[in-house]
Amino acid sequence: MARNIILKIPAKINLSLDITGRRPDGYHTLRSVFQTVGVFDTLTVTETAPGEPMTLTCTDSAVPCDARNLVWKAAVRLLGDAPCGFSMQLEKHIPSQAGMGGGSADCAAALIALREMFSPETDDAALLQTAAGLGADVPFFLHGGTVLAEGIGEVLTPLEPLKPCQLVIAKGSSGISTPEAYRRIDTLGTPLPDTTDAVLDALHGDAEALFAVCGNHFDAVTDLPEVCTIREIMRAHGIRPVLSGSGAAVFGGCTDREQADRCTEALRKAGLPFAETVLTVPHGITAERVGF
Ligand code: ATP
């Protein structure tokens, strides 16, 4: 039987995101608490005949299925220029240009599956280094759960995983350009309030107290009409909206499932293409193996 791995890949939100400075090389330094959430892509890797060139298909026609895809890049970086002997199918549910790390998460999943099938000699440290070379958020997804990111996002400290919390997450059809969002932060005259320390203090107490202190510096420079609509609808339902990453997804912690569902319904009625009631998840990518 041909070997086959199916990976369930969670998205992330940032419970906090403080931009703390800018290095001489132009990279911004940050402090952020990353958290995996229950919006999942699925990557299936299936062994084919040896020498058969790698193929990639995707359920979302807007996502490129060639060397531009981070899953493809992961295969080349791990296995060399012309990977062969397997096919990959990507089922997308994580919205793009959302600040939910969709491409980075898929990339980490490809590294995990392909190491197991074709490169068992790659140790964890080498895999982490390969991940870091593919994108700033990729190493986080090798771990998942609740993680403090510092430096330019490369210094990761895993934290005790958050117990499942009820959220609503929404995104409009427009995305946000990350470089443009950083440019706007750079031109702000006044310093923005940091929230990472307050989030770290509140992580394992009452969920309501945690979601009362979550924050993101990019909220101050993000005024897309759809983001403003999401904020208004969440507030009208008693939910405090916070941007994820550099946007354009917005999340809010809810007191219970009913509050989340009512808000999700209102967001969908307002025409938002992505609105979900979800839980935080205390783990990263999970795998199901067949034929091993
Ligand atoms: P982040 O939270 O890291 O900022 P993002 O919200 O910008 O991520 P992604 O899903 O990573 O969103 O997609 C950004 C772009 O990357 C897409 O427009 C797409 O063209 C490209 N891309 C490359 N690989 C993938 C992938 N596996 N899934 C989705 N998009 C991908």
# chains A, B, ... in the order shown; residues from 1 in each chain; ligands from 1

call {"tool": "closest_atom_pairs", "arguments": {"of": "chain A", "to": "ligand 1", "cutoff": "10 Å", "atoms": "only C-alpha atoms and all ligand atoms", "output": "tab-separated table"}}
result
residue	atom	partner	partner_atom_place_in_ligand_line	distance
A:Ala11	CA	ligand 1	2 (O)	8.6
A:Lys12	CA	ligand 1	2 (O)	7.7
A:Ile13	CA	ligand 1	2 (O)	8.3
A:Asn14	CA	ligand 1	2 (O)	9.5
A:Asp41	CA	ligand 1	28 (N)	8.8
A:Leu43	CA	ligand 1	27 (N)	9.4
A:Cys58	CA	ligand 1	27 (N)	8.6
A:Asp60	CA	ligand 1	29 (C)	8.5
A:Ala62	CA	ligand 1	20 (O)	7.0
A:Val63	CA	ligand 1	20 (O)	5.2
A:Pro64	CA	ligand 1	20 (O)	6.0
A:Cys65	CA	ligand 1	24 (N)	8.1
A:Asp66	CA	ligand 1	24 (N)	9.0
A:Ala67	CA	ligand 1	23 (C)	8.8
A:Arg68	CA	ligand 1	23 (C)	5.8
A:Asn69	CA	ligand 1	24 (N)	3.5
A:Leu70	CA	ligand 1	24 (N)	4.1
A:Val71	CA	ligand 1	27 (N)	5.5
A:Trp72	CA	ligand 1	24 (N)	8.0
A:Lys73	CA	ligand 1	24 (N)	8.5
A:Ala74	CA	ligand 1	24 (N)	9.9
A:Leu90	CA	ligand 1	27 (N)	7.6
A:Glu91	CA	ligand 1	28 (N)	9.2
A:Lys92	CA	ligand 1	28 (N)	7.1
A:His93	CA	ligand 1	28 (N)	9.4
A:Ile94	CA	ligand 1	10 (O)	6.8
A:Pro95	CA	ligand 1	10 (O)	6.0
A:Ser96	CA	ligand 1	10 (O)	3.6
A:Gln97	CA	ligand 1	6 (O)	3.3
A:Ala98	CA	ligand 1	6 (O)	3.5
A:Gly99	CA	ligand 1	2 (O)	3.1
A:Met100	CA	ligand 1	2 (O)	4.1
A:Gly101	CA	ligand 1	2 (O)	3.2
A:Gly102	CA	ligand 1	10 (O)	3.7
A:Gly103	CA	ligand 1	11 (O)	3.4
A:Ser104	CA	ligand 1	11 (O)	5.6
A:Ala105	CA	ligand 1	27 (N)	7.7
A:Asp106	CA	ligand 1	27 (N)	5.1
A:Cys107	CA	ligand 1	27 (N)	6.4
A:Ala108	CA	ligand 1	27 (N)	9.7
A:Ala109	CA	ligand 1	27 (N)	9.7
A:Ala110	CA	ligand 1	27 (N)	9.4
A:Gly135	CA	ligand 1	3 (O)	8.2
A:Ala136	CA	ligand 1	3 (O)	8.0
A:Asp137	CA	ligand 1	3 (O)	6.2
A:Val138	CA	ligand 1	3 (O)	8.4
A:Gly175	CA	ligand 1	6 (O)	7.8
A:Ile176	CA	ligand 1	7 (O)	7.8
A:Ser177	CA	ligand 1	7 (O)	7.7
A:Thr178	CA	ligand 1	4 (O)	6.7
A:Ser244	CA	ligand 1	2 (O)	7.8
A:Gly245	CA	ligand 1	2 (O)	5.8
A:Ser246	CA	ligand 1	4 (O)	6.5
A:Gly247	CA	ligand 1	6 (O)	7.0
A:Ala248	CA	ligand 1	6 (O)	7.5
A:Ala249	CA	ligand 1	6 (O)	8.1

call {"tool": "residues_around", "arguments": {"residues": "Asn4 (chain A)", "least_positions_apart": "6", "cutoff": "8 Å", "atoms": "only C-alpha atoms", "output": "list in words"}}
result
Thr44, Val45, Thr46, Glu47, Arg289, Val290, Gly291 and Phe292 of chain A

call {"tool": "select_by_dssp", "arguments": {"residues": "region 29-270 of chain A", "states": "strand (DSSP E)", "output": "VMD selection string"}}
result
chain A and resid 29 to 47 55 to 58 86 to 91 146 to 150 155 to 158 166 to 171 215 to 216 242 to 243 250 to 253

call {"tool": "atom_distance", "arguments": {"atom1": "CA of Leu15 (chain A)", "atom2": "CA of Phe34 (chain A)"}}
result
6.2 Å

call {"tool": "residues_around", "arguments": {"residues": "Glu160 (chain A)", "least_positions_apart": "4", "cutoff": "12 Å", "atoms": "only C-alpha atoms", "output": "list in words"}}
result
Val33, Gln35, Gly144, Gly145, Thr146, Val147, Leu148, Leu200, Leu203, His204, Pro282 and His283 of chain A

call {"tool": "residues_around", "arguments": {"residues": "region 263-267 of chain A", "least_positions_apart": "3", "cutoff": "7 Å", "atoms": "only C-alpha atoms", "output": "list in words"}}
result
Val168, Ile230, Ile233, Met234, His237, Gln259, Ala260, Ala270, Gly271, Leu272, Ala275, Glu276 and Thr277 of chain A

call {"tool": "atom_distance", "arguments": {"atom1": "CA of Leu78 (chain A)", "atom2": "CA of Phe141 (chain A)"}}
result
16.4 Å

call {"tool": "closest_residue", "arguments": {"among": "A:Pro139, A:Pro10, A:Pro191, A:Gly215", "to": "Gly284 (chain A)", "atoms": "only C-alpha atoms"}}
result
A:Pro10

call {"tool": "residues_around", "arguments": {"residues": "Val250 (chain A)", "least_positions_apart": "2", "cutoff": "6 Å", "atoms": "only C-alpha atoms", "output": "list in words"}}
result
Ile169, Ala170, Val242, Leu243 and Ser244 of chain A

call {"tool": "write_last_selection", "arguments": {"atoms": "all heavy atoms", "output": "PDB file, in the first residue's frame"}}
result
ATOM      1  N   ILE A 169     -14.097  34.815  14.685  1.00  0.00           N
ATOM      2  CA  ILE A 169     -13.071  35.376  13.792  1.00  0.00           C
ATOM      3  C   ILE A 169     -13.743  35.722  12.469  1.00  0.00           C
ATOM      4  O   ILE A 169     -14.557  34.937  11.960  1.00  0.00           O
ATOM      5  CB  ILE A 169     -11.916  34.392  13.506  1.00  0.00           C
ATOM      6  CG1 ILE A 169     -11.335  33.828  14.802  1.00  0.00           C
ATOM      7  CG2 ILE A 169     -10.813  35.060  12.692  1.00  0.00           C
ATOM      8  CD1 ILE A 169     -10.151  32.884  14.604  1.00  0.00           C
ATOM      9  N   ALA A 170     -13.400  36.897  11.912  1.00  0.00           N
ATOM     10  CA  ALA A 170     -13.994  37.285  10.626  1.00  0.00           C
ATOM     11  C   ALA A 170     -12.974  38.014   9.762  1.00  0.00           C
ATOM     12  O   ALA A 170     -12.031  38.624  10.275  1.00  0.00           O
ATOM     13  CB  ALA A 170     -15.198  38.187  10.867  1.00  0.00           C
ATOM     14  N   VAL A 242     -10.040  42.514  18.027  1.00  0.00           N
ATOM     15  CA  VAL A 242      -8.583  42.692  17.944  1.00  0.00           C
ATOM     16  C   VAL A 242      -8.132  42.139  16.591  1.00  0.00           C
ATOM     17  O   VAL A 242      -8.559  41.054  16.176  1.00  0.00           O
ATOM     18  CB  VAL A 242      -7.850  41.928  19.084  1.00  0.00           C
ATOM     19  CG1 VAL A 242      -6.348  42.134  19.000  1.00  0.00           C
ATOM     20  CG2 VAL A 242      -8.368  42.358  20.456  1.00  0.00           C
ATOM     21  N   LEU A 243      -7.254  42.890  15.918  1.00  0.00           N
ATOM     22  CA  LEU A 243      -6.723  42.449  14.626  1.00  0.00           C
ATOM     23  C   LEU A 243      -5.756  41.279  14.835  1.00  0.00           C
ATOM     24  O   LEU A 243      -5.086  41.205  15.860  1.00  0.00           O
ATOM     25  CB  LEU A 243      -5.977  43.633  14.008  1.00  0.00           C
ATOM     26  CG  LEU A 243      -5.743  43.631  12.513  1.00  0.00           C
ATOM     27  CD1 LEU A 243      -7.061  43.848  11.761  1.00  0.00           C
ATOM     28  CD2 LEU A 243      -4.756  44.735  12.134  1.00  0.00           C
ATOM     29  N   SER A 244      -5.681  40.370  13.859  1.00  0.00           N
ATOM     30  CA  SER A 244      -4.676  39.304  13.926  1.00  0.00           C
ATOM     31  C   SER A 244      -3.525  39.618  12.971  1.00  0.00           C
ATOM     32  O   SER A 244      -3.769  40.005  11.827  1.00  0.00           O
ATOM     33  CB  SER A 244      -5.297  37.957  13.559  1.00  0.00           C
ATOM     34  OG  SER A 244      -4.345  36.937  13.804  1.00  0.00           O
TER      35      SER A 244
END

call {"tool": "atom_distance", "arguments": {"atom1": "CA of Phe86 (chain A)", "atom2": "CA of Val37 (chain A)"}}
result
29.0 Å

call {"tool": "select_by_dssp", "arguments": {"residues": "region 67-140 of chain A", "states": "alpha helix (DSSP H)", "output": "number ranges by chain"}}
result
A: 70-79, 102-118, 124-134, 138-140

call {"tool": "closest_residue", "arguments": {"among": "A:Ala207, A:Leu79, A:Val155, A:Cys228", "to": "Ala113 (chain A)", "atoms": "only C-alpha atoms"}}
result
A:Leu79

call {"tool": "residues_around", "arguments": {"residues": "Pro50 (chain A)", "least_positions_apart": "3", "cutoff": "12 Å", "atoms": "only C-alpha atoms", "output": "PDB file with all heavy atoms, in the first residue's frame"}}
result
ATOM      1  N   ALA A   2       0.536   2.238  -0.877  1.00  0.00           N
ATOM      2  CA  ALA A   2       1.333   3.474  -0.941  1.00  0.00           C
ATOM      3  C   ALA A   2       1.195   4.239   0.378  1.00  0.00           C
ATOM      4  O   ALA A   2       0.102   4.308   0.941  1.00  0.00           O
ATOM      5  CB  ALA A   2       0.849   4.341  -2.092  1.00  0.00           C
ATOM      6  N   THR A  46       0.874  11.870  -0.721  1.00  0.00           N
ATOM      7  CA  THR A  46       0.729  10.465  -1.118  1.00  0.00           C
ATOM      8  C   THR A  46       1.951  10.034  -1.915  1.00  0.00           C
ATOM      9  O   THR A  46       2.370  10.738  -2.847  1.00  0.00           O
ATOM     10  CB  THR A  46      -0.536  10.298  -2.006  1.00  0.00           C
ATOM     11  OG1 THR A  46      -1.641  10.889  -1.328  1.00  0.00           O
ATOM     12  CG2 THR A  46      -0.830   8.840  -2.297  1.00  0.00           C
ATOM     13  N   GLU A  47       2.496   8.889  -1.547  1.00  0.00           N
ATOM     14  CA  GLU A  47       3.665   8.363  -2.257  1.00  0.00           C
ATOM     15  C   GLU A  47       3.246   7.908  -3.667  1.00  0.00           C
ATOM     16  O   GLU A  47       2.190   7.286  -3.825  1.00  0.00           O
ATOM     17  CB  GLU A  47       4.194   7.165  -1.477  1.00  0.00           C
ATOM     18  CG  GLU A  47       5.594   6.780  -1.817  1.00  0.00           C
ATOM     19  CD  GLU A  47       6.119   5.742  -0.818  1.00  0.00           C
ATOM     20  OE1 GLU A  47       5.319   4.966  -0.258  1.00  0.00           O
ATOM     21  OE2 GLU A  47       7.334   5.722  -0.606  1.00  0.00           O
ATOM     22  N   PRO A  53       7.628  13.053 -11.029  1.00  0.00           N
ATOM     23  CA  PRO A  53       7.810  14.404 -10.475  1.00  0.00           C
ATOM     24  C   PRO A  53       6.704  14.782  -9.488  1.00  0.00           C
ATOM     25  O   PRO A  53       5.552  14.373  -9.649  1.00  0.00           O
ATOM     26  CB  PRO A  53       7.739  15.314 -11.710  1.00  0.00           C
ATOM     27  CG  PRO A  53       7.973  14.422 -12.884  1.00  0.00           C
ATOM     28  CD  PRO A  53       7.498  13.060 -12.488  1.00  0.00           C
ATOM     29  N   MET A  54       7.080  15.559  -8.482  1.00  0.00           N
ATOM     30  CA  MET A  54       6.126  16.050  -7.477  1.00  0.00           C
ATOM     31  C   MET A  54       4.994  16.831  -8.143  1.00  0.00           C
ATOM     32  O   MET A  54       5.225  17.581  -9.093  1.00  0.00           O
ATOM     33  CB  MET A  54       6.895  16.982  -6.529  1.00  0.00           C
ATOM     34  CG  MET A  54       6.045  17.920  -5.717  1.00  0.00           C
ATOM     35  SD  MET A  54       7.047  18.937  -4.611  1.00  0.00           S
ATOM     36  CE  MET A  54       7.571  20.281  -5.660  1.00  0.00           C
ATOM     37  N   PRO A  83      12.082  17.503  -6.603  1.00  0.00           N
ATOM     38  CA  PRO A  83      11.550  16.440  -5.738  1.00  0.00           C
ATOM     39  C   PRO A  83      10.653  15.490  -6.529  1.00  0.00           C
ATOM     40  O   PRO A  83       9.934  15.923  -7.429  1.00  0.00           O
ATOM     41  CB  PRO A  83      10.710  17.201  -4.702  1.00  0.00           C
ATOM     42  CG  PRO A  83      11.049  18.632  -4.846  1.00  0.00           C
ATOM     43  CD  PRO A  83      11.544  18.818  -6.239  1.00  0.00           C
ATOM     44  N   CYS A  84      10.712  14.211  -6.210  1.00  0.00           N
ATOM     45  CA  CYS A  84       9.855  13.263  -6.931  1.00  0.00           C
ATOM     46  C   CYS A  84       9.404  12.135  -6.004  1.00  0.00           C
ATOM     47  O   CYS A  84       9.893  11.994  -4.876  1.00  0.00           O
ATOM     48  CB  CYS A  84      10.558  12.724  -8.166  1.00  0.00           C
ATOM     49  SG  CYS A  84      12.214  12.230  -7.873  1.00  0.00           S
ATOM     50  N   GLY A  85       8.412  11.387  -6.503  1.00  0.00           N
ATOM     51  CA  GLY A  85       7.938  10.227  -5.764  1.00  0.00           C
ATOM     52  C   GLY A  85       6.752  10.518  -4.857  1.00  0.00           C
ATOM     53  O   GLY A  85       6.414   9.674  -4.013  1.00  0.00           O
ATOM     54  N   PHE A  86       6.087  11.677  -5.008  1.00  0.00           N
ATOM     55  CA  PHE A  86       4.905  11.960  -4.169  1.00  0.00           C
ATOM     56  C   PHE A  86       4.029  13.041  -4.815  1.00  0.00           C
ATOM     57  O   PHE A  86       4.490  13.810  -5.656  1.00  0.00           O
ATOM     58  CB  PHE A  86       5.312  12.412  -2.761  1.00  0.00           C
ATOM     59  CG  PHE A  86       6.137  13.668  -2.731  1.00  0.00           C
ATOM     60  CD1 PHE A  86       5.545  14.911  -2.525  1.00  0.00           C
ATOM     61  CD2 PHE A  86       7.514  13.617  -2.916  1.00  0.00           C
ATOM     62  CE1 PHE A  86       6.314  16.068  -2.509  1.00  0.00           C
ATOM     63  CE2 PHE A  86       8.283  14.770  -2.901  1.00  0.00           C
ATOM     64  CZ  PHE A  86       7.679  15.994  -2.694  1.00  0.00           C
ATOM     65  N   SER A  87       2.748  13.022  -4.419  1.00  0.00           N
ATOM     66  CA  SER A  87       1.828  14.094  -4.829  1.00  0.00           C
ATOM     67  C   SER A  87       1.273  14.744  -3.566  1.00  0.00           C
ATOM     68  O   SER A  87       1.214  14.103  -2.506  1.00  0.00           O
ATOM     69  CB  SER A  87       0.695  13.523  -5.680  1.00  0.00           C
ATOM     70  OG  SER A  87      -0.080  12.649  -4.893  1.00  0.00           O
ATOM     71  N   PHE A 118      10.518  10.995   3.516  1.00  0.00           N
ATOM     72  CA  PHE A 118      11.677  10.934   2.613  1.00  0.00           C
ATOM     73  C   PHE A 118      12.986  11.436   3.195  1.00  0.00           C
ATOM     74  O   PHE A 118      14.012  11.361   2.526  1.00  0.00           O
ATOM     75  CB  PHE A 118      11.374  11.756   1.336  1.00  0.00           C
ATOM     76  CG  PHE A 118      10.145  11.299   0.621  1.00  0.00           C
ATOM     77  CD1 PHE A 118       8.985  12.056   0.634  1.00  0.00           C
ATOM     78  CD2 PHE A 118      10.133  10.088  -0.058  1.00  0.00           C
ATOM     79  CE1 PHE A 118       7.839  11.624  -0.009  1.00  0.00           C
ATOM     80  CE2 PHE A 118       8.997   9.644  -0.715  1.00  0.00           C
ATOM     81  CZ  PHE A 118       7.842  10.414  -0.691  1.00  0.00           C
TER      82      PHE A 118
END

call {"tool": "closest_residue", "arguments": {"among": "A:Met1, A:Leu7, A:Leu142, A:Val213", "to": "Thr42 (chain A)", "atoms": "only C-alpha atoms"}}
result
A:Leu7
